[in-house]
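target-v3.cif follows (mmCIF, N, CA and C atoms):
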data_model
loop_
_atom_site.label_atom_id
_atom_site.label_comp_id
_atom_site.auth_asym_id
_atom_site.auth_seq_id
_atom_site.Cartn_x
_atom_site.Cartn_y
_atom_site.Cartn_z
N ASP W 1 -20.88 -12.44 1.37
CA ASP W 1 -20.05 -12.69 2.53
C ASP W 1 -20.29 -14.10 3.04
N ILE W 2 -19.37 -14.59 3.82
CA ILE W 2 -19.39 -15.99 4.25
C ILE W 2 -19.40 -16.07 5.77
N LEU W 3 -20.26 -16.95 6.28
CA LEU W 3 -20.25 -17.28 7.71
C LEU W 3 -19.39 -18.51 7.85
N ARG W 4 -18.38 -18.44 8.71
CA ARG W 4 -17.49 -19.57 8.92
C ARG W 4 -17.64 -20.09 10.34
N VAL W 5 -18.07 -21.33 10.44
CA VAL W 5 -18.14 -22.06 11.70
C VAL W 5 -17.40 -23.37 11.43
N THR W 6 -16.48 -23.74 12.28
CA THR W 6 -15.70 -24.94 12.01
C THR W 6 -16.49 -26.21 12.32
N SER W 7 -16.14 -27.26 11.61
CA SER W 7 -16.87 -28.53 11.74
C SER W 7 -16.69 -29.18 13.11
N GLU W 8 -15.64 -28.83 13.82
CA GLU W 8 -15.44 -29.43 15.15
C GLU W 8 -16.12 -28.62 16.26
N SER W 9 -17.00 -27.70 15.88
CA SER W 9 -17.70 -26.86 16.84
C SER W 9 -19.21 -27.11 16.76
N PRO W 10 -19.71 -28.08 17.54
CA PRO W 10 -21.12 -28.44 17.41
C PRO W 10 -22.10 -27.47 18.08
N PHE W 11 -21.61 -26.53 18.89
CA PHE W 11 -22.50 -25.63 19.62
C PHE W 11 -22.11 -24.17 19.44
N PRO W 12 -22.10 -23.65 18.21
CA PRO W 12 -21.73 -22.24 18.02
C PRO W 12 -22.77 -21.32 18.65
N TYR W 13 -22.31 -20.17 19.12
CA TYR W 13 -23.21 -19.18 19.72
C TYR W 13 -23.76 -18.29 18.61
N LEU W 14 -24.95 -18.61 18.14
CA LEU W 14 -25.53 -17.90 17.02
C LEU W 14 -26.66 -16.94 17.42
N ASN W 15 -26.86 -16.77 18.72
CA ASN W 15 -27.95 -15.91 19.20
C ASN W 15 -27.82 -14.48 18.69
N ASN W 16 -26.59 -14.03 18.47
CA ASN W 16 -26.37 -12.66 18.04
C ASN W 16 -26.03 -12.56 16.54
N LEU W 17 -26.24 -13.63 15.80
CA LEU W 17 -25.83 -13.66 14.39
C LEU W 17 -26.57 -12.63 13.54
N ASP W 18 -27.86 -12.47 13.72
CA ASP W 18 -28.60 -11.51 12.89
C ASP W 18 -28.05 -10.10 13.04
N SER W 19 -27.85 -9.68 14.28
CA SER W 19 -27.33 -8.32 14.50
C SER W 19 -25.87 -8.21 14.06
N ALA W 20 -25.10 -9.26 14.26
CA ALA W 20 -23.69 -9.24 13.82
C ALA W 20 -23.60 -9.15 12.30
N TRP W 21 -24.45 -9.91 11.62
CA TRP W 21 -24.46 -9.89 10.15
C TRP W 21 -24.85 -8.49 9.65
N LEU W 22 -25.84 -7.90 10.27
CA LEU W 22 -26.29 -6.57 9.88
C LEU W 22 -25.18 -5.54 10.09
N GLU W 23 -24.53 -5.58 11.25
CA GLU W 23 -23.42 -4.66 11.52
C GLU W 23 -22.28 -4.87 10.53
N HIS W 24 -21.97 -6.13 10.26
CA HIS W 24 -20.90 -6.46 9.32
C HIS W 24 -21.21 -5.88 7.93
N SER W 25 -22.42 -6.08 7.48
CA SER W 25 -22.83 -5.61 6.15
C SER W 25 -22.87 -4.08 6.07
N LYS W 26 -23.50 -3.46 7.05
CA LYS W 26 -23.61 -2.00 7.05
C LYS W 26 -22.25 -1.33 7.20
N GLY W 27 -21.38 -1.95 7.99
CA GLY W 27 -20.06 -1.37 8.21
C GLY W 27 -19.06 -1.69 7.11
N ASN W 28 -19.47 -2.53 6.18
CA ASN W 28 -18.60 -2.92 5.07
C ASN W 28 -17.23 -3.42 5.57
N TYR W 29 -17.27 -4.27 6.58
CA TYR W 29 -16.05 -4.82 7.16
C TYR W 29 -15.47 -5.92 6.29
N ASN W 30 -14.15 -6.07 6.33
CA ASN W 30 -13.51 -7.20 5.66
C ASN W 30 -13.78 -8.49 6.42
N ALA W 31 -13.83 -8.36 7.75
CA ALA W 31 -14.07 -9.53 8.60
C ALA W 31 -14.70 -9.10 9.91
N SER W 32 -15.55 -9.96 10.41
CA SER W 32 -16.13 -9.77 11.74
C SER W 32 -15.90 -11.07 12.51
N PHE W 33 -15.38 -10.92 13.73
CA PHE W 33 -15.00 -12.09 14.53
C PHE W 33 -15.75 -12.11 15.86
N LEU W 34 -16.30 -13.28 16.18
CA LEU W 34 -16.83 -13.51 17.53
C LEU W 34 -15.72 -14.25 18.28
N ASP W 35 -14.91 -13.48 18.99
CA ASP W 35 -13.73 -14.00 19.69
C ASP W 35 -13.94 -13.97 21.20
N ASN W 36 -13.06 -14.67 21.89
CA ASN W 36 -13.00 -14.68 23.35
C ASN W 36 -14.22 -15.26 24.02
N VAL W 37 -14.95 -16.08 23.30
CA VAL W 37 -16.06 -16.82 23.89
C VAL W 37 -15.58 -18.23 24.18
N ILE W 38 -16.44 -19.05 24.72
CA ILE W 38 -16.11 -20.45 25.01
C ILE W 38 -15.57 -21.11 23.74
N ASP W 39 -14.47 -21.82 23.88
CA ASP W 39 -13.84 -22.51 22.76
C ASP W 39 -14.87 -23.40 22.06
N GLY W 40 -15.03 -23.18 20.77
CA GLY W 40 -15.99 -23.94 19.99
C GLY W 40 -17.29 -23.20 19.74
N CYS W 41 -17.45 -22.02 20.32
CA CYS W 41 -18.71 -21.28 20.18
C CYS W 41 -18.58 -20.05 19.27
N GLY W 42 -17.39 -19.71 18.87
CA GLY W 42 -17.18 -18.53 18.05
C GLY W 42 -17.49 -18.77 16.58
N TYR W 43 -17.51 -17.68 15.83
CA TYR W 43 -17.68 -17.74 14.38
C TYR W 43 -17.04 -16.52 13.75
N GLU W 44 -16.95 -16.56 12.43
CA GLU W 44 -16.37 -15.47 11.67
C GLU W 44 -17.27 -15.16 10.48
N ILE W 45 -17.36 -13.88 10.15
CA ILE W 45 -18.02 -13.46 8.92
C ILE W 45 -16.95 -12.80 8.07
N ILE W 46 -16.75 -13.32 6.88
CA ILE W 46 -15.67 -12.84 6.02
C ILE W 46 -16.25 -12.33 4.71
N ASN W 47 -15.80 -11.16 4.32
CA ASN W 47 -16.17 -10.61 3.03
C ASN W 47 -15.56 -11.47 1.93
N LEU W 48 -16.37 -11.92 0.98
CA LEU W 48 -15.91 -12.83 -0.06
C LEU W 48 -14.78 -12.23 -0.90
N LYS W 49 -14.89 -10.96 -1.23
CA LYS W 49 -13.84 -10.29 -2.02
C LYS W 49 -12.52 -10.31 -1.24
N THR W 50 -12.60 -10.07 0.05
CA THR W 50 -11.41 -10.11 0.90
C THR W 50 -10.82 -11.51 0.92
N LEU W 51 -11.67 -12.49 1.09
CA LEU W 51 -11.22 -13.89 1.12
C LEU W 51 -10.50 -14.26 -0.17
N LYS W 52 -11.07 -13.88 -1.28
CA LYS W 52 -10.43 -14.18 -2.58
C LYS W 52 -9.10 -13.44 -2.72
N SER W 53 -9.02 -12.23 -2.21
CA SER W 53 -7.80 -11.44 -2.35
C SER W 53 -6.64 -11.99 -1.53
N ILE W 54 -6.93 -12.66 -0.42
CA ILE W 54 -5.84 -13.17 0.42
C ILE W 54 -5.53 -14.63 0.15
N LYS W 55 -6.35 -15.30 -0.65
CA LYS W 55 -6.15 -16.72 -0.90
C LYS W 55 -4.74 -17.03 -1.41
N ASN W 56 -4.24 -16.25 -2.32
CA ASN W 56 -2.91 -16.49 -2.90
C ASN W 56 -1.77 -15.98 -2.02
N LYS W 57 -2.10 -15.28 -0.96
CA LYS W 57 -1.08 -14.74 -0.07
C LYS W 57 -0.77 -15.67 1.09
N THR W 58 -1.49 -16.77 1.17
CA THR W 58 -1.30 -17.70 2.27
C THR W 58 -0.74 -19.01 1.74
N SER W 59 0.02 -19.67 2.57
CA SER W 59 0.59 -20.95 2.17
C SER W 59 -0.49 -22.03 2.19
N LYS W 60 -0.20 -23.16 1.62
CA LYS W 60 -1.14 -24.27 1.60
C LYS W 60 -1.55 -24.64 3.03
N PHE W 61 -0.59 -24.63 3.96
CA PHE W 61 -0.88 -24.95 5.36
C PHE W 61 -1.87 -23.95 5.95
N GLN W 62 -1.69 -22.67 5.62
CA GLN W 62 -2.53 -21.64 6.20
C GLN W 62 -3.94 -21.61 5.61
N ASN W 63 -4.16 -22.26 4.49
CA ASN W 63 -5.49 -22.21 3.88
C ASN W 63 -6.57 -22.75 4.81
N GLU W 64 -6.21 -23.70 5.67
CA GLU W 64 -7.18 -24.18 6.65
C GLU W 64 -7.52 -23.07 7.64
N HIS W 65 -6.56 -22.23 7.91
CA HIS W 65 -6.72 -21.13 8.87
C HIS W 65 -6.52 -19.80 8.14
N ILE W 66 -7.18 -19.64 7.02
CA ILE W 66 -6.95 -18.49 6.16
C ILE W 66 -7.25 -17.16 6.84
N THR W 67 -8.17 -17.16 7.77
CA THR W 67 -8.49 -15.90 8.44
C THR W 67 -7.37 -15.45 9.37
N ASN W 68 -6.42 -16.35 9.67
CA ASN W 68 -5.26 -15.93 10.46
C ASN W 68 -4.46 -14.85 9.73
N TYR W 69 -4.49 -14.88 8.41
CA TYR W 69 -3.80 -13.84 7.64
C TYR W 69 -4.40 -12.47 7.98
N ILE W 70 -5.70 -12.41 8.08
CA ILE W 70 -6.37 -11.15 8.44
C ILE W 70 -5.98 -10.76 9.86
N ARG W 71 -6.01 -11.73 10.76
CA ARG W 71 -5.68 -11.46 12.16
C ARG W 71 -4.23 -10.99 12.34
N LEU W 72 -3.33 -11.54 11.53
CA LEU W 72 -1.92 -11.16 11.63
C LEU W 72 -1.61 -9.84 10.92
N ASN W 73 -2.53 -9.39 10.11
CA ASN W 73 -2.34 -8.15 9.34
C ASN W 73 -3.50 -7.18 9.60
N LYS W 74 -3.79 -6.97 10.85
CA LYS W 74 -4.96 -6.17 11.26
C LYS W 74 -4.97 -4.76 10.68
N LYS W 75 -3.80 -4.18 10.46
CA LYS W 75 -3.75 -2.81 9.95
C LYS W 75 -4.17 -2.71 8.49
N LYS W 76 -4.18 -3.83 7.79
CA LYS W 76 -4.55 -3.85 6.37
C LYS W 76 -6.05 -4.06 6.16
N PHE W 77 -6.77 -4.40 7.22
CA PHE W 77 -8.17 -4.79 7.07
C PHE W 77 -9.08 -4.03 8.04
N SER W 78 -10.32 -3.93 7.64
CA SER W 78 -11.35 -3.36 8.50
C SER W 78 -12.02 -4.53 9.22
N ILE W 79 -11.82 -4.57 10.54
CA ILE W 79 -12.28 -5.70 11.34
C ILE W 79 -13.27 -5.25 12.40
N LYS W 80 -14.32 -6.02 12.56
CA LYS W 80 -15.32 -5.79 13.60
C LYS W 80 -15.24 -6.96 14.58
N TYR W 81 -15.15 -6.65 15.87
CA TYR W 81 -15.20 -7.68 16.89
C TYR W 81 -16.62 -7.70 17.45
N ILE W 82 -17.26 -8.81 17.31
CA ILE W 82 -18.67 -8.96 17.65
C ILE W 82 -18.83 -9.06 19.17
N SER W 83 -19.79 -8.30 19.69
CA SER W 83 -20.03 -8.35 21.14
C SER W 83 -20.85 -9.58 21.51
N TYR W 84 -20.76 -9.94 22.76
CA TYR W 84 -21.43 -11.14 23.27
C TYR W 84 -21.70 -10.96 24.75
N PRO W 85 -22.63 -11.75 25.30
CA PRO W 85 -22.93 -11.63 26.73
C PRO W 85 -21.78 -12.18 27.59
N ALA W 86 -21.62 -11.60 28.76
CA ALA W 86 -20.51 -11.95 29.65
C ALA W 86 -20.47 -13.44 30.00
N PHE W 87 -21.62 -14.10 30.08
CA PHE W 87 -21.62 -15.50 30.48
C PHE W 87 -20.91 -16.40 29.46
N MET W 88 -20.67 -15.89 28.26
CA MET W 88 -20.00 -16.68 27.22
C MET W 88 -18.48 -16.60 27.32
N ASN W 89 -17.97 -15.80 28.24
CA ASN W 89 -16.53 -15.68 28.44
C ASN W 89 -16.13 -16.61 29.59
N ARG W 90 -15.95 -17.88 29.26
CA ARG W 90 -15.60 -18.90 30.25
C ARG W 90 -14.41 -19.69 29.73
N LYS W 91 -13.25 -19.41 30.27
CA LYS W 91 -12.03 -20.09 29.84
C LYS W 91 -11.83 -21.44 30.52
N ASP W 92 -12.79 -21.84 31.36
CA ASP W 92 -12.72 -23.14 32.02
C ASP W 92 -13.58 -24.18 31.30
N ILE W 93 -14.13 -23.79 30.16
CA ILE W 93 -15.02 -24.68 29.41
C ILE W 93 -14.57 -24.70 27.95
N ARG W 94 -14.73 -25.85 27.31
CA ARG W 94 -14.56 -25.93 25.86
C ARG W 94 -15.67 -26.81 25.31
N LEU W 95 -16.21 -26.38 24.17
CA LEU W 95 -17.29 -27.11 23.51
C LEU W 95 -16.88 -27.35 22.06
N THR W 96 -15.85 -28.11 21.92
CA THR W 96 -15.31 -28.42 20.61
C THR W 96 -14.98 -29.91 20.58
N VAL W 97 -14.79 -30.45 19.40
CA VAL W 97 -14.51 -31.88 19.29
C VAL W 97 -13.19 -32.08 18.56
N ASP W 98 -12.11 -31.87 19.28
CA ASP W 98 -10.78 -32.06 18.73
C ASP W 98 -10.13 -33.34 19.26
N ASN W 99 -10.61 -33.81 20.39
CA ASN W 99 -10.01 -34.94 21.09
C ASN W 99 -11.10 -35.89 21.56
N PRO W 100 -10.75 -37.15 21.83
CA PRO W 100 -11.77 -38.10 22.31
C PRO W 100 -12.51 -37.63 23.57
N GLU W 101 -11.78 -36.96 24.47
CA GLU W 101 -12.42 -36.46 25.69
C GLU W 101 -13.45 -35.38 25.37
N ASP W 102 -13.16 -34.56 24.37
CA ASP W 102 -14.12 -33.54 23.94
C ASP W 102 -15.41 -34.19 23.45
N LEU W 103 -15.26 -35.27 22.71
CA LEU W 103 -16.42 -35.97 22.17
C LEU W 103 -17.29 -36.53 23.30
N ILE W 104 -16.66 -37.08 24.32
CA ILE W 104 -17.40 -37.58 25.48
C ILE W 104 -18.22 -36.44 26.10
N LEU W 105 -17.56 -35.30 26.34
CA LEU W 105 -18.23 -34.15 26.94
C LEU W 105 -19.38 -33.68 26.04
N CYS W 106 -19.14 -33.51 24.77
CA CYS W 106 -20.17 -32.99 23.86
C CYS W 106 -21.35 -33.95 23.72
N ARG W 107 -21.08 -35.23 23.77
CA ARG W 107 -22.19 -36.20 23.72
C ARG W 107 -23.08 -36.06 24.95
N GLU W 108 -22.47 -35.84 26.11
CA GLU W 108 -23.26 -35.65 27.34
C GLU W 108 -24.06 -34.35 27.26
N VAL W 109 -23.45 -33.31 26.73
CA VAL W 109 -24.17 -32.04 26.56
C VAL W 109 -25.33 -32.22 25.61
N TYR W 110 -25.10 -32.91 24.53
CA TYR W 110 -26.15 -33.11 23.53
C TYR W 110 -27.37 -33.80 24.12
N LYS W 111 -27.14 -34.70 25.05
CA LYS W 111 -28.25 -35.41 25.70
C LYS W 111 -29.17 -34.47 26.46
N ILE W 112 -28.62 -33.40 27.02
CA ILE W 112 -29.44 -32.51 27.85
C ILE W 112 -30.06 -31.35 27.08
N ILE W 113 -29.55 -31.03 25.90
CA ILE W 113 -30.08 -29.85 25.22
C ILE W 113 -31.31 -30.14 24.36
N LYS W 114 -31.52 -31.39 24.03
CA LYS W 114 -32.65 -31.79 23.18
C LYS W 114 -32.54 -31.09 21.82
N ASN W 115 -33.57 -30.36 21.42
CA ASN W 115 -33.59 -29.74 20.10
C ASN W 115 -33.24 -28.26 20.11
N SER W 116 -32.96 -27.71 21.27
CA SER W 116 -32.70 -26.28 21.37
C SER W 116 -31.39 -26.03 22.12
N VAL W 117 -30.46 -25.36 21.47
CA VAL W 117 -29.17 -25.07 22.10
C VAL W 117 -29.31 -23.84 22.97
N SER W 118 -29.14 -24.03 24.26
CA SER W 118 -29.12 -22.93 25.22
C SER W 118 -27.76 -22.96 25.91
N HIS W 119 -26.93 -21.98 25.61
CA HIS W 119 -25.59 -21.97 26.19
C HIS W 119 -25.64 -21.79 27.71
N LYS W 120 -26.62 -21.06 28.20
CA LYS W 120 -26.77 -20.92 29.66
C LYS W 120 -27.04 -22.29 30.28
N LYS W 121 -27.88 -23.07 29.63
CA LYS W 121 -28.21 -24.41 30.11
C LYS W 121 -26.98 -25.33 30.04
N ILE W 122 -26.22 -25.21 28.98
CA ILE W 122 -25.00 -26.02 28.82
C ILE W 122 -24.00 -25.67 29.92
N ILE W 123 -23.80 -24.39 30.14
CA ILE W 123 -22.85 -23.94 31.16
C ILE W 123 -23.29 -24.42 32.54
N SER W 124 -24.55 -24.27 32.84
CA SER W 124 -25.09 -24.73 34.12
C SER W 124 -24.88 -26.23 34.29
N PHE W 125 -25.16 -26.99 33.24
CA PHE W 125 -24.97 -28.43 33.27
C PHE W 125 -23.51 -28.79 33.54
N LEU W 126 -22.59 -28.13 32.85
CA LEU W 126 -21.17 -28.42 33.05
C LEU W 126 -20.69 -28.00 34.43
N ASP W 127 -21.21 -26.89 34.93
CA ASP W 127 -20.84 -26.46 36.29
C ASP W 127 -21.31 -27.45 37.35
N LYS W 128 -22.39 -28.16 37.06
CA LYS W 128 -22.90 -29.17 38.00
C LYS W 128 -22.23 -30.53 37.79
N ASN W 129 -21.51 -30.69 36.71
CA ASN W 129 -20.85 -31.95 36.38
C ASN W 129 -19.37 -31.70 36.12
N GLU W 130 -18.69 -31.33 37.19
CA GLU W 130 -17.27 -30.97 37.11
C GLU W 130 -16.42 -32.06 36.47
N TYR W 131 -16.82 -33.32 36.61
CA TYR W 131 -16.03 -34.40 36.05
C TYR W 131 -15.91 -34.26 34.53
N LEU W 132 -16.91 -33.68 33.89
CA LEU W 132 -16.84 -33.47 32.44
C LEU W 132 -15.84 -32.37 32.09
N LYS W 133 -15.84 -31.31 32.88
CA LYS W 133 -14.86 -30.23 32.65
C LYS W 133 -13.44 -30.73 32.90
N LYS W 134 -13.28 -31.61 33.89
CA LYS W 134 -11.95 -32.16 34.19
C LYS W 134 -11.43 -33.02 33.05
N LEU W 135 -12.33 -33.66 32.32
CA LEU W 135 -11.93 -34.50 31.18
C LEU W 135 -11.13 -33.71 30.15
N VAL W 136 -11.51 -32.47 29.92
CA VAL W 136 -10.90 -31.67 28.86
C VAL W 136 -9.97 -30.58 29.38
N LYS W 137 -9.81 -30.51 30.69
CA LYS W 137 -9.01 -29.45 31.30
C LYS W 137 -7.60 -29.37 30.72
N LYS W 138 -7.00 -30.51 30.40
CA LYS W 138 -5.62 -30.50 29.88
C LYS W 138 -5.50 -29.82 28.52
N TYR W 139 -6.61 -29.62 27.83
CA TYR W 139 -6.59 -28.99 26.51
C TYR W 139 -6.92 -27.50 26.55
N LEU W 140 -7.34 -27.00 27.69
CA LEU W 140 -7.80 -25.61 27.78
C LEU W 140 -6.71 -24.60 27.45
N HIS W 141 -5.59 -24.69 28.13
CA HIS W 141 -4.54 -23.67 27.96
C HIS W 141 -4.05 -23.60 26.52
N LYS W 142 -3.71 -24.74 25.96
CA LYS W 142 -3.20 -24.76 24.58
C LYS W 142 -4.25 -24.23 23.61
N GLY W 143 -5.49 -24.63 23.79
CA GLY W 143 -6.56 -24.18 22.90
C GLY W 143 -6.76 -22.68 22.94
N TYR W 144 -6.90 -22.13 24.15
CA TYR W 144 -7.14 -20.70 24.26
C TYR W 144 -5.90 -19.88 23.91
N ALA W 145 -4.71 -20.41 24.16
CA ALA W 145 -3.49 -19.68 23.85
C ALA W 145 -3.28 -19.53 22.35
N SER W 146 -3.74 -20.48 21.57
CA SER W 146 -3.49 -20.44 20.13
C SER W 146 -4.72 -20.00 19.32
N MET W 147 -5.81 -19.73 19.99
CA MET W 147 -7.06 -19.48 19.30
C MET W 147 -7.09 -18.16 18.53
N TYR W 148 -6.72 -17.10 19.16
CA TYR W 148 -6.82 -15.77 18.53
C TYR W 148 -5.46 -15.12 18.48
N LEU W 149 -5.14 -14.60 17.33
CA LEU W 149 -3.83 -13.97 17.14
C LEU W 149 -3.90 -12.49 17.41
#

Take the structure in this file and express it as structure tokens.
Amino acid sequence: DILRVTSESPFPYLNNLDSAWLEHSKGNYNASFLDNVIDGCGYEIINLKTLKSIKNKTSKFQNEHITNYIRLNKKKFSIKYISYPAFMNRKDIRLTVDNPEDLILCREVYKIIKNSVSHKKIISFLDKNEYLKKLVKKYLHKGYASMYL
């Protein structure tokens, strides 16, 4: 099976990865998704056999977003939605690097986290530095609206 974290997501929430991987494996799921968390913090676990089986069913454009095929065809697949702590459900924050403003925000976050990623610490820092959240506010709606199918 494959763990998928996108390259534009420098702060994925991996605290629950061990238990998610175990549940995914034991449940023999086609896919397990960490959805509805802060933009840039989610991940996906995809069964390799499933991934290979859908590769030819998606267009060249969709290959970048190949798991959307699974999301759009939920009745054909066994899917597990990974649980997460409530503090990770913040639609007023994004921790991704899609735009120059995102990069500014993530660079500031990186300065405060040192060698250990603590999402609680990141959230607290951003809540105290509203100007950083305002930098990326214009991207929030579009990002969250198109994130999960």

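Contact shell of range 8-17 of chain W at 7 Å (all atoms listed in the file; same-chain neighbours under 5 positions omitted): Leu22, Asp39, Gly40, Cys41, Gly42, Tyr43, Leu95, Thr96, Val97 and Asp98 of chain W.
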
Just the number, please: distance in Å from CA of Tyr81 in chain W to CA of Phe33 in chain W, one decimal. 5.0 Å

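Using only C-alpha atoms, the smallest distance between any of W:Leu135, W:Ile70, W:Leu140, W:Val117 and Leu51 in chain W comes from W:Ile70.
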
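When all atoms listed in the file are used to measure the gap to Ile2 in chain W, the shortest distance among W:Glu23, W:Asp35, W:Asp18, W:Glu44 belongs to W:Glu44.
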
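Between Thr67 in chain W and the residues W:Arg90, W:Lys128, W:Lys52, W:Lys138, the shortest atom-to-atom distance, using only C-alpha atoms, involves W:Lys52.
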
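With distances restricted to all atoms listed in the file, W:Ile38 is the closest residue to Phe87 in chain W from W:Leu132, W:Ile38, W:Ile45, W:Leu105.
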
Would you mind reading off the distance between atom N of Tyr29 in chain W and CA of Ser78 in chain W, one decimal, in Å? 6.3 Å

Please identify which residues in range 15-147 of chain W DSSP calls strand (DSSP E) from the backbone, and express them as a ChimeraX atom specification. /W:31-33,44-46,79-81

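Take CA of Gly27 in chain W and CA of Thr6 in chain W: the distance between them is 24.3 Å.
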
Would you output range 17-84 of chain W from that structure, restricted to C-alpha atoms, as a PDB file, in the first residue's frame?
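Dumped everything to result.pdb:
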ATOM      1  CA  LEU W  17      -0.493   7.418  10.946  1.00  0.00           C
ATOM      2  CA  ASP W  18       0.471   4.229  12.790  1.00  0.00           C
ATOM      3  CA  SER W  19      -3.083   3.516  13.909  1.00  0.00           C
ATOM      4  CA  ALA W  20      -4.518   4.585  10.540  1.00  0.00           C
ATOM      5  CA  TRP W  21      -2.121   2.281   8.694  1.00  0.00           C
ATOM      6  CA  LEU W  22      -3.024  -0.611  10.997  1.00  0.00           C
ATOM      7  CA  GLU W  23      -6.764  -0.031  10.530  1.00  0.00           C
ATOM      8  CA  HIS W  24      -6.297   0.289   6.773  1.00  0.00           C
ATOM      9  CA  SER W  25      -4.341  -2.966   6.579  1.00  0.00           C
ATOM     10  CA  LYS W  26      -6.572  -4.976   8.903  1.00  0.00           C
ATOM     11  CA  GLY W  27      -9.721  -3.693   7.222  1.00  0.00           C
ATOM     12  CA  ASN W  28      -8.362  -4.465   3.760  1.00  0.00           C
ATOM     13  CA  TYR W  29      -9.588  -1.088   2.508  1.00  0.00           C
ATOM     14  CA  ASN W  30      -9.033   0.125  -1.045  1.00  0.00           C
ATOM     15  CA  ALA W  31      -8.340   3.591   0.321  1.00  0.00           C
ATOM     16  CA  SER W  32      -8.139   5.412   3.618  1.00  0.00           C
ATOM     17  CA  PHE W  33      -8.471   9.195   3.665  1.00  0.00           C
ATOM     18  CA  LEU W  34      -7.592  11.773   6.299  1.00  0.00           C
ATOM     19  CA  ASP W  35     -10.123  14.382   5.170  1.00  0.00           C
ATOM     20  CA  ASN W  36     -11.628  17.570   6.580  1.00  0.00           C
ATOM     21  CA  VAL W  37      -8.493  18.606   8.408  1.00  0.00           C
ATOM     22  CA  ILE W  38      -6.530  21.817   7.881  1.00  0.00           C
ATOM     23  CA  ASP W  39      -5.715  22.226   4.184  1.00  0.00           C
ATOM     24  CA  GLY W  40      -2.279  20.724   3.621  1.00  0.00           C
ATOM     25  CA  CYS W  41      -2.379  18.373   6.619  1.00  0.00           C
ATOM     26  CA  GLY W  42      -4.286  15.429   5.167  1.00  0.00           C
ATOM     27  CA  TYR W  43      -3.002  12.227   3.616  1.00  0.00           C
ATOM     28  CA  GLU W  44      -4.227   9.146   1.813  1.00  0.00           C
ATOM     29  CA  ILE W  45      -3.374   5.462   2.066  1.00  0.00           C
ATOM     30  CA  ILE W  46      -4.098   3.633  -1.164  1.00  0.00           C
ATOM     31  CA  ASN W  47      -4.033  -0.080  -1.823  1.00  0.00           C
ATOM     32  CA  LEU W  48      -1.488  -0.655  -4.611  1.00  0.00           C
ATOM     33  CA  LYS W  49      -3.678  -3.200  -6.417  1.00  0.00           C
ATOM     34  CA  THR W  50      -6.532  -0.682  -6.392  1.00  0.00           C
ATOM     35  CA  LEU W  51      -4.265   2.066  -7.679  1.00  0.00           C
ATOM     36  CA  LYS W  52      -3.073  -0.104 -10.553  1.00  0.00           C
ATOM     37  CA  SER W  53      -6.640  -1.131 -11.411  1.00  0.00           C
ATOM     38  CA  ILE W  54      -7.870   2.456 -11.769  1.00  0.00           C
ATOM     39  CA  LYS W  55      -4.809   3.854 -13.536  1.00  0.00           C
ATOM     40  CA  ASN W  56      -6.209   3.133 -17.008  1.00  0.00           C
ATOM     41  CA  LYS W  57      -9.670   4.382 -16.061  1.00  0.00           C
ATOM     42  CA  THR W  58      -8.544   7.947 -15.516  1.00  0.00           C
ATOM     43  CA  SER W  59      -7.570  10.545 -18.053  1.00  0.00           C
ATOM     44  CA  LYS W  60      -4.060  11.949 -18.255  1.00  0.00           C
ATOM     45  CA  PHE W  61      -5.307  15.082 -16.440  1.00  0.00           C
ATOM     46  CA  GLN W  62      -6.768  13.014 -13.611  1.00  0.00           C
ATOM     47  CA  ASN W  63      -3.567  11.043 -13.031  1.00  0.00           C
ATOM     48  CA  GLU W  64      -2.322  13.864 -10.816  1.00  0.00           C
ATOM     49  CA  HIS W  65      -5.517  13.461  -8.804  1.00  0.00           C
ATOM     50  CA  ILE W  66      -6.004   9.741  -9.355  1.00  0.00           C
ATOM     51  CA  THR W  67      -7.650   9.191  -5.995  1.00  0.00           C
ATOM     52  CA  ASN W  68     -10.506  11.424  -7.150  1.00  0.00           C
ATOM     53  CA  TYR W  69     -11.664   8.429  -9.188  1.00  0.00           C
ATOM     54  CA  ILE W  70     -12.114   6.523  -5.931  1.00  0.00           C
ATOM     55  CA  ARG W  71     -13.859   9.486  -4.317  1.00  0.00           C
ATOM     56  CA  LEU W  72     -16.233   9.866  -7.280  1.00  0.00           C
ATOM     57  CA  ASN W  73     -17.013   6.141  -7.307  1.00  0.00           C
ATOM     58  CA  LYS W  74     -17.422   5.479  -3.591  1.00  0.00           C
ATOM     59  CA  LYS W  75     -19.866   2.606  -4.112  1.00  0.00           C
ATOM     60  CA  LYS W  76     -17.222   0.622  -6.008  1.00  0.00           C
ATOM     61  CA  PHE W  77     -14.582   0.825  -3.273  1.00  0.00           C
ATOM     62  CA  SER W  78     -14.072   0.045   0.376  1.00  0.00           C
ATOM     63  CA  ILE W  79     -13.101   3.367   1.950  1.00  0.00           C
ATOM     64  CA  LYS W  80     -12.024   4.224   5.480  1.00  0.00           C
ATOM     65  CA  TYR W  81     -12.195   7.811   6.712  1.00  0.00           C
ATOM     66  CA  ILE W  82      -9.453   8.325   9.262  1.00  0.00           C
ATOM     67  CA  SER W  83     -10.411   9.983  12.532  1.00  0.00           C
ATOM     68  CA  TYR W  84      -8.547  12.991  13.868  1.00  0.00           C
TER      69      TYR W  84
END
